[in-house]
Every structure is written in structure tokens, then in C-alpha cells.
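Source file: upload29.cif. Holds: mmCIF, C-alpha atoms and all ligand atoms; chains and numbers go by the auth columns.
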data_data
#
loop_
_atom_site.group_PDB
_atom_site.id
_atom_site.type_symbol
_atom_site.label_atom_id
_atom_site.label_comp_id
_atom_site.label_asym_id
_atom_site.label_seq_id
_atom_site.Cartn_x
_atom_site.Cartn_y
_atom_site.Cartn_z
_atom_site.B_iso_or_equiv
_atom_site.auth_seq_id
_atom_site.auth_asym_id
ATOM 1 C CA MET A 1 33.153 -61.233 142.144 0.00 1 A
ATOM 2 C CA THR A 2 31.913 -61.711 145.701 0.00 2 A
ATOM 3 C CA SER A 3 35.340 -62.574 147.069 0.00 3 A
ATOM 4 C CA ASP A 4 36.840 -59.588 145.194 0.00 4 A
ATOM 5 C CA ALA A 5 34.262 -57.350 146.789 0.00 5 A
ATOM 6 C CA ARG A 6 35.050 -58.781 150.200 0.00 6 A
ATOM 7 C CA SER A 7 38.783 -58.258 149.913 0.00 7 A
ATOM 8 C CA ARG A 8 38.199 -54.744 148.574 0.00 8 A
ATOM 9 C CA LEU A 9 35.906 -53.980 151.483 0.00 9 A
ATOM 10 C CA GLU A 10 38.303 -55.484 153.958 0.00 10 A
ATOM 11 C CA SER A 11 41.192 -53.353 152.747 0.00 11 A
ATOM 12 C CA ARG A 12 38.937 -50.274 152.864 0.00 12 A
ATOM 13 C CA ARG A 13 37.954 -51.282 156.353 0.00 13 A
ATOM 14 C CA ALA A 14 41.588 -51.547 157.435 0.00 14 A
ATOM 15 C CA GLU A 15 42.356 -48.108 155.961 0.00 15 A
ATOM 16 C CA ALA A 16 39.317 -46.494 157.529 0.00 16 A
ATOM 17 C CA SER A 17 39.923 -47.958 160.967 0.00 17 A
ATOM 18 C CA GLU A 18 43.533 -46.862 160.804 0.00 18 A
ATOM 19 C CA ARG A 19 42.359 -43.341 159.987 0.00 19 A
ATOM 20 C CA VAL A 20 39.872 -43.498 162.855 0.00 20 A
ATOM 21 C CA ALA A 21 42.717 -44.489 165.191 0.00 21 A
ATOM 22 C CA THR A 22 45.227 -41.882 163.952 0.00 22 A
ATOM 23 C CA THR A 23 42.736 -39.002 163.972 0.00 23 A
ATOM 24 C CA ALA A 24 41.598 -40.006 167.470 0.00 24 A
ATOM 25 C CA ALA A 25 45.207 -40.077 168.643 0.00 25 A
ATOM 26 C CA THR A 26 45.949 -36.674 167.093 0.00 26 A
ATOM 27 C CA LEU A 27 42.801 -35.213 168.606 0.00 27 A
ATOM 28 C CA ALA A 28 43.770 -36.545 172.021 0.00 28 A
ATOM 29 C CA GLU A 29 47.198 -34.966 171.620 0.00 29 A
ATOM 30 C CA LEU A 30 45.659 -31.680 170.547 0.00 30 A
ATOM 31 C CA MET A 31 43.291 -31.763 173.491 0.00 31 A
ATOM 32 C CA HIS A 32 46.288 -32.228 175.731 0.00 32 A
ATOM 33 C CA ASP A 33 48.081 -29.254 174.081 0.00 33 A
ATOM 34 C CA ARG A 34 44.973 -27.163 174.481 0.00 34 A
ATOM 35 C CA GLU A 35 44.725 -27.871 178.168 0.00 35 A
ATOM 36 C CA GLY A 36 48.321 -26.838 178.624 0.00 36 A
ATOM 37 C CA SER A 37 47.957 -23.576 176.719 0.00 37 A
ATOM 38 C CA ASN A 38 46.251 -20.329 177.591 0.00 38 A
ATOM 39 C CA ASP A 39 42.567 -20.895 176.944 0.00 39 A
ATOM 40 C CA ASP A 40 41.955 -17.314 175.920 0.00 40 A
ATOM 41 C CA ASP A 41 41.706 -18.268 172.229 0.00 41 A
ATOM 42 C CA GLU A 42 40.841 -14.837 170.911 0.00 42 A
ATOM 43 C CA HIS A 43 44.007 -13.206 172.150 0.00 43 A
ATOM 44 C CA ASP A 44 46.270 -16.145 171.603 0.00 44 A
ATOM 45 C CA PRO A 45 47.304 -16.733 167.973 0.00 45 A
ATOM 46 C CA GLU A 46 48.312 -20.273 168.808 0.00 46 A
ATOM 47 C CA GLY A 47 44.879 -20.861 170.301 0.00 47 A
ATOM 48 C CA VAL A 48 43.259 -19.877 166.998 0.00 48 A
ATOM 49 C CA THR A 49 45.539 -22.260 165.115 0.00 49 A
ATOM 50 C CA LEU A 50 44.629 -25.028 167.511 0.00 50 A
ATOM 51 C CA SER A 51 40.933 -24.294 167.017 0.00 51 A
ATOM 52 C CA SER A 52 41.089 -24.539 163.243 0.00 52 A
ATOM 53 C CA GLU A 53 43.284 -27.619 163.449 0.00 53 A
ATOM 54 C CA TRP A 54 40.758 -29.054 165.851 0.00 54 A
ATOM 55 C CA SER A 55 37.815 -28.544 163.512 0.00 55 A
ATOM 56 C CA ARG A 56 39.801 -29.881 160.561 0.00 56 A
ATOM 57 C CA LEU A 57 40.670 -33.021 162.506 0.00 57 A
ATOM 58 C CA THR A 58 37.189 -33.595 163.885 0.00 58 A
ATOM 59 C CA GLY A 59 35.957 -33.372 160.270 0.00 59 A
ATOM 60 C CA LEU A 60 38.498 -36.010 159.245 0.00 60 A
ATOM 61 C CA ALA A 61 37.612 -38.165 162.238 0.00 61 A
ATOM 62 C CA GLU A 62 33.918 -37.993 161.396 0.00 62 A
ATOM 63 C CA ALA A 63 34.570 -38.839 157.753 0.00 63 A
ATOM 64 C CA ALA A 64 36.708 -41.813 158.770 0.00 64 A
ATOM 65 C CA ALA A 65 34.105 -43.057 161.249 0.00 65 A
ATOM 66 C CA SER A 66 31.335 -42.741 158.692 0.00 66 A
ATOM 67 C CA GLU A 67 33.391 -44.580 156.068 0.00 67 A
ATOM 68 C CA LEU A 68 34.046 -47.346 158.570 0.00 68 A
ATOM 69 C CA GLN A 69 30.311 -47.554 159.242 0.00 69 A
ATOM 70 C CA GLN A 70 29.538 -47.741 155.519 0.00 70 A
ATOM 71 C CA VAL A 71 32.124 -50.450 155.020 0.00 71 A
ATOM 72 C CA ASP A 72 30.700 -52.438 157.934 0.00 72 A
ATOM 73 C CA ASP A 73 27.221 -52.085 156.466 0.00 73 A
ATOM 74 C CA ALA A 74 28.490 -53.269 153.091 0.00 74 A
ATOM 75 C CA ILE A 75 30.185 -56.288 154.683 0.00 75 A
ATOM 76 C CA ALA A 76 26.910 -57.066 156.486 0.00 76 A
ATOM 77 C CA ARG A 77 25.082 -56.909 153.127 0.00 77 A
ATOM 78 C CA LEU A 78 27.700 -59.209 151.667 0.00 78 A
ATOM 79 C CA ASP A 79 27.046 -61.681 154.483 0.00 79 A
ATOM 80 C CA ALA A 80 23.305 -61.336 153.981 0.00 80 A
ATOM 81 C CA GLY A 81 23.649 -61.861 150.234 0.00 81 A
ATOM 82 C CA THR A 82 22.186 -58.465 149.326 0.00 82 A
ATOM 83 C CA TYR A 83 25.475 -56.806 148.421 0.00 83 A
ATOM 84 C CA GLY A 84 25.654 -55.253 144.970 0.00 84 A
ATOM 85 C CA VAL A 85 21.873 -55.055 144.638 0.00 85 A
ATOM 86 C CA CYS A 86 20.284 -51.624 144.347 0.00 86 A
ATOM 87 C CA ALA A 87 18.313 -50.865 147.520 0.00 87 A
ATOM 88 C CA ASN A 88 15.763 -48.954 145.493 0.00 88 A
ATOM 89 C CA CYS A 89 15.067 -50.856 142.268 0.00 89 A
ATOM 90 C CA GLY A 90 16.549 -54.245 143.175 0.00 90 A
ATOM 91 C CA ARG A 91 18.669 -54.428 140.045 0.00 91 A
ATOM 92 C CA PRO A 92 22.326 -55.396 140.282 0.00 92 A
ATOM 93 C CA ILE A 93 24.756 -52.502 140.739 0.00 93 A
ATOM 94 C CA PRO A 94 27.377 -52.598 137.940 0.00 94 A
ATOM 95 C CA THR A 95 30.741 -54.008 139.043 0.00 95 A
ATOM 96 C CA ALA A 96 32.528 -50.934 137.687 0.00 96 A
ATOM 97 C CA ARG A 97 30.545 -48.781 140.094 0.00 97 A
ATOM 98 C CA LEU A 98 31.289 -51.110 142.996 0.00 98 A
ATOM 99 C CA GLU A 99 34.965 -50.933 142.194 0.00 99 A
ATOM 100 C CA VAL A 100 34.891 -47.162 142.578 0.00 100 A
ATOM 101 C CA ARG A 101 32.417 -47.109 145.449 0.00 101 A
ATOM 102 C CA PRO A 102 32.575 -50.487 147.172 0.00 102 A
ATOM 103 C CA PHE A 103 29.824 -49.498 149.575 0.00 103 A
ATOM 104 C CA ALA A 104 27.396 -48.117 147.023 0.00 104 A
ATOM 105 C CA THR A 105 23.832 -49.044 147.991 0.00 105 A
ATOM 106 C CA HIS A 106 22.124 -47.815 144.839 0.00 106 A
ATOM 107 C CA CYS A 107 22.636 -48.116 141.095 0.00 107 A
ATOM 108 C CA VAL A 108 23.675 -44.945 139.261 0.00 108 A
ATOM 109 C CA ALA A 109 20.170 -44.176 137.989 0.00 109 A
ATOM 110 C CA CYS A 110 18.588 -44.488 141.442 0.00 110 A
ATOM 111 C CA ALA A 111 21.404 -42.620 143.171 0.00 111 A
ATOM 112 C CA GLU A 112 20.824 -39.723 140.773 0.00 112 A
ATOM 113 C CA LYS A 113 17.085 -39.885 141.170 0.00 113 A
ATOM 114 C CA LEU A 114 17.349 -39.913 144.963 0.00 114 A
ATOM 115 C CA GLY A 115 20.054 -37.257 144.981 0.00 115 A
ATOM 116 C CA LEU A 116 22.606 -39.486 146.716 0.00 116 A
HETATM 117 ZN ZN ZN B . 18.446 -48.754 141.255 0.00 201 B
#

Show the structure stored in the file as C-alpha cells.
Ligand SMILES: [Zn+2]
Amino acid sequence: MTSDARSRLESRRAEASERVATTAATLAELMHDREGSNDDDEHDPEGVTLSSEWSRLTGLAEAAASELQQVDDAIARLDAGTYGVCANCGRPIPTARLEVRPFATHCVACAEKLGL
């Protein structure tokens, strides 16, 4: 079970870090486009498009970075031997839940109780 969890986390980690890299690259490109364009956003339809694309991408970048952080935390718990144990009640988190959410830190009951 532990080695399954590790390989699951490692593939999640690879996906998340790839997303971090691609969103960062796209943002850098967009930043470059922005610099080259008229910065009067309000009167430039393309500027508005760039702005909404920018906020969409920063949202994606943040989500990817936070997933990467969660995966790293989960791998650290795996190394520490506390992976798969509810951080609130100390009971084991069901494998089915870990398959869906490999970086879950709480069992279903506690997650609901804590509003996670
Ligand atoms: Zn619990």
C-alpha cells in the first residue's frame, strides 16, 4: 500500500511540476506580449483579452503550485511514517479516499467536521 501511495504521489508530483513549468512559461510569454502592446488596457480590446487570460493563467499557476506543495507534504508524511493517518483523530484514512485524494490529511468524517 505504501509503495502504491508513493508511486501515485510521484506521478502526481510529475504532473503538477509540469503544470507549474508550463503555466510559468505561458505567463512569461504573456508578460512579454503585454510589454510589446499598448498598455492602455481599457481602450485596447486585445489588452482586455490579455488581462483575463492573465488572471486565468495565474489562477492555474497558483493551483498547480499549491498541488505541488500538497504532494511534497504528503511525500514528507510518507517518509515520516504518518501518511494515511488522519491528522485530527489519528485513525487510518481509507485507501479508497487516498486513491482519489492522495494528499488527503484527514479522514472523511473529520474533513466534513472541519469543513475541509
Ligand atoms: Zn479523522

With only C-alpha atoms as the counted atoms, please give the residues lying no more than 12 Å from Met31 in chain A, apart from itself and same-chain residues fewer than 3 positions off, as a list in words. Thr23, Ala24, Ala25, Thr26, Leu27, Ala28, Arg34, Glu35, Gly36, Ser37, Asp39, Gly47, Leu50, Ser51, Glu53, Trp54, Ser55, Leu57 and Thr58 of chain A

As a check of understanding, name the residues that the PyMOL selection byres (((not hetatm)) within 9 of (chain B and resi 201)) selects in the supplied structure, as an MDAnalysis selection string. chainID A and resid 85:93 105:111 113

Counting only C-alpha atoms, figure out which residue out of A:Arg19, A:His32, A:Arg77, A:Arg97 gets nearest to Ala63 in chain A.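 Under the stated criterion, the closest residue is A:Arg19.
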
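From CA of Val20 in chain A back to CA of Glu67 in chain A, the distance works out to 9.4 Å.
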
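When only C-alpha atoms are used to measure the gap to Arg6 in chain A, the shortest distance among A:Ala21, A:Ile75, A:Leu30, A:Ala80 belongs to A:Ile75.
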
Computed interatomic separation between CA of Ser17 in chain A and CA of Ala61 in chain A (Å):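 Here the two named atoms are 10.1 Å from each other.
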
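What separates CA of Glu10 in chain A from CA of Glu112 in chain A is a distance of 27.0 Å.
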